[in-house]
$ cat coords.pdb   # PDB, C-alpha atoms
ATOM      1  CA  MET J   1       7.931 -27.543  -3.481
ATOM      2  CA  ASN J   2       4.232 -28.137  -3.989
ATOM      3  CA  PRO J   3       3.191 -26.683  -7.388
ATOM      4  CA  ALA J   4       0.173 -25.013  -5.777
ATOM      5  CA  ILE J   5       2.461 -23.126  -3.386
ATOM      6  CA  VAL J   6       4.743 -22.092  -6.241
ATOM      7  CA  ALA J   7       1.728 -20.842  -8.199
ATOM      8  CA  LEU J   8       0.548 -18.868  -5.166
ATOM      9  CA  LEU J   9       3.988 -17.292  -4.676
ATOM     10  CA  ILE J  10       4.153 -16.286  -8.326
ATOM     11  CA  GLN J  11       0.688 -14.759  -8.065
ATOM     12  CA  GLU J  12       1.278 -12.848  -4.820
ATOM     13  CA  ALA J  13       4.935 -11.863  -5.105
ATOM     14  CA  PRO J  14       4.614  -8.935  -7.565
ATOM     15  CA  VAL J  15       2.074  -7.170  -5.342
ATOM     16  CA  LEU J  16       4.172  -7.619  -2.224
ATOM     17  CA  ILE J  17       7.374  -6.533  -3.953
ATOM     18  CA  ALA J  18       5.647  -3.446  -5.358
ATOM     19  CA  ASP J  19       4.414  -2.540  -1.879
ATOM     20  CA  ILE J  20       7.871  -2.917  -0.398
ATOM     21  CA  VAL J  21       9.569  -0.919  -3.136
ATOM     22  CA  ALA J  22       7.002   1.869  -2.701
ATOM     23  CA  LEU J  23       7.706   1.959   1.022
ATOM     24  CA  PHE J  24      11.468   2.191   0.518
ATOM     25  CA  ARG J  25      11.042   5.083  -1.903
ATOM     26  CA  LYS J  26       8.596   7.035   0.213
ATOM     27  CA  HIS J  27      10.311   6.551   3.562
ATOM     28  CA  PRO J  28      14.029   6.357   2.777
ATOM     29  CA  ALA J  29      14.938   7.195   6.352
ATOM     30  CA  LEU J  30      13.259   4.077   7.660
ATOM     31  CA  THR J  31      14.992   0.739   7.793
ATOM     32  CA  PRO J  32      13.921  -1.352   4.801
ATOM     33  CA  ASP J  33      14.267  -4.677   6.599
ATOM     34  CA  VAL J  34      11.914  -3.707   9.384
ATOM     35  CA  LEU J  35       9.299  -2.143   7.140
ATOM     36  CA  ALA J  36       9.430  -4.967   4.621
ATOM     37  CA  ALA J  37       8.944  -7.563   7.305
ATOM     38  CA  LEU J  38       6.031  -5.670   8.823
ATOM     39  CA  VAL J  39       4.236  -5.058   5.548
ATOM     40  CA  VAL J  40       4.618  -8.659   4.417
ATOM     41  CA  ALA J  41       3.447  -9.875   7.796
ATOM     42  CA  VAL J  42       0.369  -7.623   7.868
ATOM     43  CA  HIS J  43      -0.650  -8.682   4.357
ATOM     44  CA  ALA J  44      -0.080 -12.342   5.135
ATOM     45  CA  VAL J  45      -2.133 -12.337   8.333
ATOM     46  CA  ASN J  46      -5.043 -10.455   6.777
ATOM     47  CA  LYS J  47      -5.002 -12.748   3.749
ATOM     48  CA  ASP J  48      -5.133 -15.746   6.062
ATOM     49  CA  THR J  49      -8.089 -14.177   7.899
ATOM     50  CA  LEU J  50     -10.010 -13.596   4.670
ATOM     51  CA  ASP J  51      -9.174 -17.094   3.371
ATOM     52  CA  THR J  52     -10.287 -18.662   6.659
ATOM     53  CA  ILE J  53     -13.605 -16.804   6.550
ATOM     54  CA  ALA J  54     -14.213 -17.655   2.905
ATOM     55  CA  ALA J  55     -13.566 -21.342   3.532
ATOM     56  CA  ASP J  56     -15.738 -21.408   6.637
ATOM     57  CA  GLN J  57     -18.641 -19.569   5.035
ATOM     58  CA  ALA J  58     -18.476 -21.918   2.060
ATOM     59  CA  ALA J  59     -18.647 -24.881   4.405
ATOM     60  CA  HIS J  60     -21.297 -23.290   6.638
ATOM     61  CA  PRO J  61     -23.735 -21.231   4.551
ATOM     62  CA  ASN J  62     -25.564 -18.364   6.270
ATOM     63  CA  PRO J  63     -27.565 -19.617   9.248
TER      64      PRO J  63
ATOM     65  CA  MET S   1      42.434  15.024 -13.465
ATOM     66  CA  LYS S   2      39.641  12.652 -14.404
ATOM     67  CA  ARG S   3      41.808   9.683 -13.469
ATOM     68  CA  VAL S   4      42.575  11.204 -10.101
ATOM     69  CA  LEU S   5      38.892  11.762  -9.455
ATOM     70  CA  ILE S   6      38.027   8.215 -10.439
ATOM     71  CA  ALA S   7      40.804   6.883  -8.250
ATOM     72  CA  CYS S   8      39.568   8.943  -5.328
ATOM     73  CA  LEU S   9      36.042   7.691  -5.826
ATOM     74  CA  LEU S  10      37.221   4.092  -5.996
ATOM     75  CA  LEU S  11      39.360   4.477  -2.906
ATOM     76  CA  SER S  12      36.609   6.151  -0.948
ATOM     77  CA  SER S  13      34.081   3.513  -1.932
ATOM     78  CA  CYS S  14      36.386   0.564  -1.284
ATOM     79  CA  GLY S  15      38.179   1.876   1.725
ATOM     80  CA  ASN S  16      35.282   1.558   4.118
ATOM     81  CA  PRO S  17      33.563  -1.719   3.326
ATOM     82  CA  THR S  18      32.041  -2.153   6.772
ATOM     83  CA  VAL S  19      29.710   0.854   6.703
ATOM     84  CA  GLN S  20      26.546  -0.237   8.448
ATOM     85  CA  THR S  21      22.966   0.745   7.809
ATOM     86  CA  PRO S  22      21.971   3.149  10.573
ATOM     87  CA  ALA S  23      19.985   1.699  13.430
ATOM     88  CA  PRO S  24      16.251   1.723  12.750
ATOM     89  CA  PRO S  25      14.741   5.003  13.872
ATOM     90  CA  ASN S  26      11.772   4.523  16.134
ATOM     91  CA  SER S  27       9.521   6.407  13.762
ATOM     92  CA  PRO S  28       5.796   6.802  14.387
ATOM     93  CA  GLN S  29       5.125   4.866  11.189
ATOM     94  CA  THR S  30       7.139   1.900  12.443
ATOM     95  CA  GLN S  31       5.417   1.984  15.815
ATOM     96  CA  VAL S  32       1.928   2.056  14.312
ATOM     97  CA  LEU S  33       2.858  -0.637  11.767
ATOM     98  CA  ASN S  34       3.871  -2.863  14.666
ATOM     99  CA  ILE S  35       0.528  -2.297  16.368
ATOM    100  CA  ASP S  36      -1.232  -2.789  13.033
ATOM    101  CA  LYS S  37       0.395  -6.229  12.803
ATOM    102  CA  THR S  38      -0.824  -7.008  16.320
ATOM    103  CA  LEU S  39      -4.301  -5.910  15.274
ATOM    104  CA  ALA S  40      -4.187  -8.224  12.249
ATOM    105  CA  ASP S  41      -3.217 -11.074  14.584
ATOM    106  CA  SER S  42      -6.058 -10.198  16.980
ATOM    107  CA  ILE S  43      -8.680 -10.189  14.226
ATOM    108  CA  ASN S  44      -7.336 -13.488  12.906
ATOM    109  CA  ALA S  45      -7.436 -15.015  16.389
ATOM    110  CA  ALA S  46     -10.997 -13.781  17.000
ATOM    111  CA  VAL S  47     -12.219 -15.440  13.795
ATOM    112  CA  LYS S  48     -10.509 -18.738  14.546
ATOM    113  CA  THR S  49     -11.722 -18.689  18.150
ATOM    114  CA  ALA S  50     -15.303 -18.070  17.011
ATOM    115  CA  ILE S  51     -15.157 -20.929  14.488
ATOM    116  CA  SER S  52     -13.649 -23.280  17.033
ATOM    117  CA  LEU S  53     -16.266 -22.430  19.677
ATOM    118  CA  ARG S  54     -19.099 -22.852  17.174
ATOM    119  CA  ASN S  55     -17.737 -26.273  16.233
ATOM    120  CA  GLN S  56     -17.792 -27.174  19.932
ATOM    121  CA  GLY S  57     -21.393 -25.991  20.193
ATOM    122  CA  GLN S  58     -20.530 -23.098  22.517
ATOM    123  CA  VAL S  59     -21.367 -20.214  20.170
ATOM    124  CA  SER S  60     -24.263 -19.831  17.759
ATOM    125  CA  ALA S  61     -23.726 -20.008  14.011
ATOM    126  CA  ALA S  62     -25.440 -16.628  13.714
ATOM    127  CA  ASP S  63     -22.924 -14.986  16.060
ATOM    128  CA  VAL S  64     -20.017 -16.517  14.152
ATOM    129  CA  ASN S  65     -21.493 -15.280  10.892
ATOM    130  CA  THR S  66     -21.757 -11.777  12.371
ATOM    131  CA  ILE S  67     -18.149 -11.896  13.561
ATOM    132  CA  GLU S  68     -16.896 -13.195  10.223
ATOM    133  CA  ASN S  69     -18.655 -10.436   8.308
ATOM    134  CA  TRP S  70     -17.196  -7.848  10.678
ATOM    135  CA  ALA S  71     -13.723  -9.422  10.440
ATOM    136  CA  LYS S  72     -13.770  -9.260   6.635
ATOM    137  CA  ALA S  73     -14.210  -5.487   6.810
ATOM    138  CA  ALA S  74     -11.741  -5.190   9.689
ATOM    139  CA  ALA S  75      -8.990  -7.085   7.831
ATOM    140  CA  ILE S  76      -9.426  -4.792   4.831
ATOM    141  CA  LEU S  77      -9.281  -1.703   7.084
ATOM    142  CA  ASP S  78      -6.158  -3.093   8.719
ATOM    143  CA  ASP S  79      -4.520  -3.404   5.299
ATOM    144  CA  GLN S  80      -5.582   0.170   4.503
ATOM    145  CA  ILE S  81      -3.770   1.405   7.610
ATOM    146  CA  ALA S  82      -0.562  -0.325   6.473
ATOM    147  CA  THR S  83      -0.990   1.140   2.985
ATOM    148  CA  GLU S  84      -1.481   4.628   4.400
ATOM    149  CA  LEU S  85       1.636   4.307   6.537
ATOM    150  CA  GLY S  86       3.554   3.502   3.375
ATOM    151  CA  SER S  87       2.100   6.395   1.431
ATOM    152  CA  ALA S  88       3.855   9.647   0.594
ATOM    153  CA  ASP S  89       1.543  11.557   2.938
ATOM    154  CA  PRO S  90       3.200  13.423   5.789
ATOM    155  CA  TRP S  91       2.709  11.911   9.262
ATOM    156  CA  THR S  92       0.129  14.551  10.212
ATOM    157  CA  VAL S  93      -2.041  13.561   7.249
ATOM    158  CA  GLN S  94      -1.459   9.848   7.832
ATOM    159  CA  LYS S  95      -2.638  10.263  11.427
ATOM    160  CA  GLN S  96      -5.866  11.930  10.326
ATOM    161  CA  LYS S  97      -6.621   9.285   7.715
ATOM    162  CA  ILE S  98      -5.940   6.419  10.120
ATOM    163  CA  LEU S  99      -8.085   8.045  12.790
ATOM    164  CA  LEU S 100     -11.003   8.107  10.338
ATOM    165  CA  LEU S 101     -10.596   4.363   9.682
ATOM    166  CA  LEU S 102     -10.709   3.309  13.337
ATOM    167  CA  PRO S 103     -14.509   3.455  13.915
ATOM    168  CA  GLY S 104     -14.832   0.668  11.333
ATOM    169  CA  PHE S 105     -13.317  -1.757  13.828
ATOM    170  CA  GLN S 106     -16.295  -1.409  16.200
ATOM    171  CA  ILE S 107     -17.160  -4.896  17.511
ATOM    172  CA  PRO S 108     -20.637  -5.868  16.241
ATOM    173  CA  ILE S 109     -21.729  -8.050  19.165
ATOM    174  CA  THR S 110     -22.676  -6.279  22.375
ATOM    175  CA  GLY S 111     -24.865  -8.862  24.113
ATOM    176  CA  THR S 112     -23.845 -11.768  26.298
ATOM    177  CA  ILE S 113     -21.447 -14.105  24.505
ATOM    178  CA  ASN S 114     -19.022 -16.844  25.367
ATOM    179  CA  GLN S 115     -16.278 -15.539  27.705
ATOM    180  CA  THR S 116     -13.430 -16.877  25.585
ATOM    181  CA  LEU S 117     -14.836 -15.182  22.517
ATOM    182  CA  ALA S 118     -15.477 -11.990  24.486
ATOM    183  CA  ALA S 119     -11.818 -11.946  25.594
ATOM    184  CA  SER S 120     -10.683 -12.483  22.026
ATOM    185  CA  LEU S 121     -12.805  -9.565  20.809
ATOM    186  CA  ALA S 122     -11.659  -7.399  23.721
ATOM    187  CA  ALA S 123      -8.070  -7.888  22.525
ATOM    188  CA  VAL S 124      -9.088  -6.341  19.208
ATOM    189  CA  THR S 125     -10.632  -3.336  20.959
ATOM    190  CA  THR S 126      -7.537  -2.888  23.127
ATOM    191  CA  THR S 127      -5.274  -2.905  20.072
ATOM    192  CA  VAL S 128      -7.471  -0.437  18.198
ATOM    193  CA  ASN S 129      -7.221   1.848  21.232
ATOM    194  CA  LEU S 130      -3.421   1.570  21.110
ATOM    195  CA  ILE S 131      -3.460   2.758  17.500
ATOM    196  CA  ARG S 132      -5.894   5.554  18.429
ATOM    197  CA  ALA S 133      -3.497   6.722  21.136
ATOM    198  CA  GLN S 134      -0.681   6.904  18.581
ATOM    199  CA  VAL S 135      -2.581   8.904  15.977
ATOM    200  CA  GLN S 136      -4.649  11.294  18.102
TER     201      GLN S 136
END
$ encode --input "coords.pdb" --output "structure tokens"
Amino acid sequence: MNPAIVALLIQEAPVLIADIVALFRKHPALTPDVLAALVVAVHAVNKDTLDTIAADQAAHPNP
Amino acid sequence: MKRVLIACLLLSSCGNPTVQTPAPPNSPQTQVLNIDKTLADSINAAVKTAISLRNQGQVSAADVNTIENWAKAAAILDDQIATELGSADPWTVQKQKILLLLPGFQIPITGTINQTLAASLAAVTTTVNLIRAQVQ
């Protein structure tokens, strides 16, 4: 695997795992698989949005 | 007596190895989290559509800059909704907090814009309204 991807996973994983663990503890009646998938997905999409904007604004400074 | 208890515990734990996790309850938190994911996708799509249209010369750089600045705030709000749904707050409190976050998604461009971009932004508004309907 690309070392940059490994570094990114190592950097992001603790935050995601902490979020998921917190959800399991606070909503024990909910299904962990469903919640975990949703939380990871929401974080991932929003991170991609912010990364896309940052890259685009760096390439195209304020008009 | 202790041995009997231990044996009973072992038998009861080993005797039913196929116990399944209950089916996922259709909780309000799960429903709103699903819509929140759709909202994240809509914001992401709006940004990428705006960039693509600007690169094709169909949308002004100023409009794209406005949309990107709005989307940065919107993505953060979207994450806050997910965080609130995972908090220890009761559903009634979660609903109130999420309701207060929703005005932050207000689309910043109201004038005439490219139809494709307008449709992309309208999808965001529609999804925000779906969340509003769940938490009102």
$ closest_residue --input "coords.pdb" --among "J:Met1, J:Ile53, J:Ala37, J:Ala59" --to "S:Val47" --atoms "only C-alpha atoms"
J:Ile53
$ interface_residues --input "coords.pdb" --of "chain S" --to "chain J" --cutoff "6 Å" --atoms "only C-alpha atoms" --output "short mmCIF file (atom, residue, chain, number, x, y, z; two decimals) with C-alpha atoms, keeping the file's coordinate frame"
data_model
loop_
_atom_site.label_atom_id
_atom_site.label_comp_id
_atom_site.auth_asym_id
_atom_site.auth_seq_id
_atom_site.Cartn_x
_atom_site.Cartn_y
_atom_site.Cartn_z
CA PRO S 24 16.25 1.72 12.75
CA LYS S 37 0.40 -6.23 12.80
CA ALA S 40 -4.19 -8.22 12.25
CA ASN S 44 -7.34 -13.49 12.91
CA ALA S 62 -25.44 -16.63 13.71
CA ALA S 75 -8.99 -7.08 7.83
CA GLY S 86 3.55 3.50 3.38
CA ALA S 88 3.86 9.65 0.59
#
$ residues_around --input "coords.pdb" --residues "stretch 113-116 of chain S" --least-positions-apart "6" --cutoff "9 Å" --atoms "all atoms listed in the file" --output "MDAnalysis selection string"
chainID S and resid 49:50 53 58:59 63
$ resolve_selection --input "coords.pdb" --expression "the PyMOL selection byres ((chain S and resi 90-101) around 10)" --output "ChimeraX atom specification"
/S:27-29,32,74,77-78,80-89,102-105,131-136
$ atom_distance --input "coords.pdb" --atom1 "atom CA of J:Ala58" --atom2 "atom CA of S:Asp36"
28.0 Å
$ atom_distance --input "coords.pdb" --atom1 "atom CA of S:Thr38" --atom2 "atom CA of J:Ala4"
28.5 Å
$ atom_distance --input "coords.pdb" --atom1 "atom CA of S:Leu121" --atom2 "atom CA of S:Ile51"
13.2 Å
$ closest_residue --input "coords.pdb" --among "S:Ser42, S:Gln31, S:Asn69, S:Ser60" --to "S:Ala122" --atoms "all atoms listed in the file"
S:Ser42
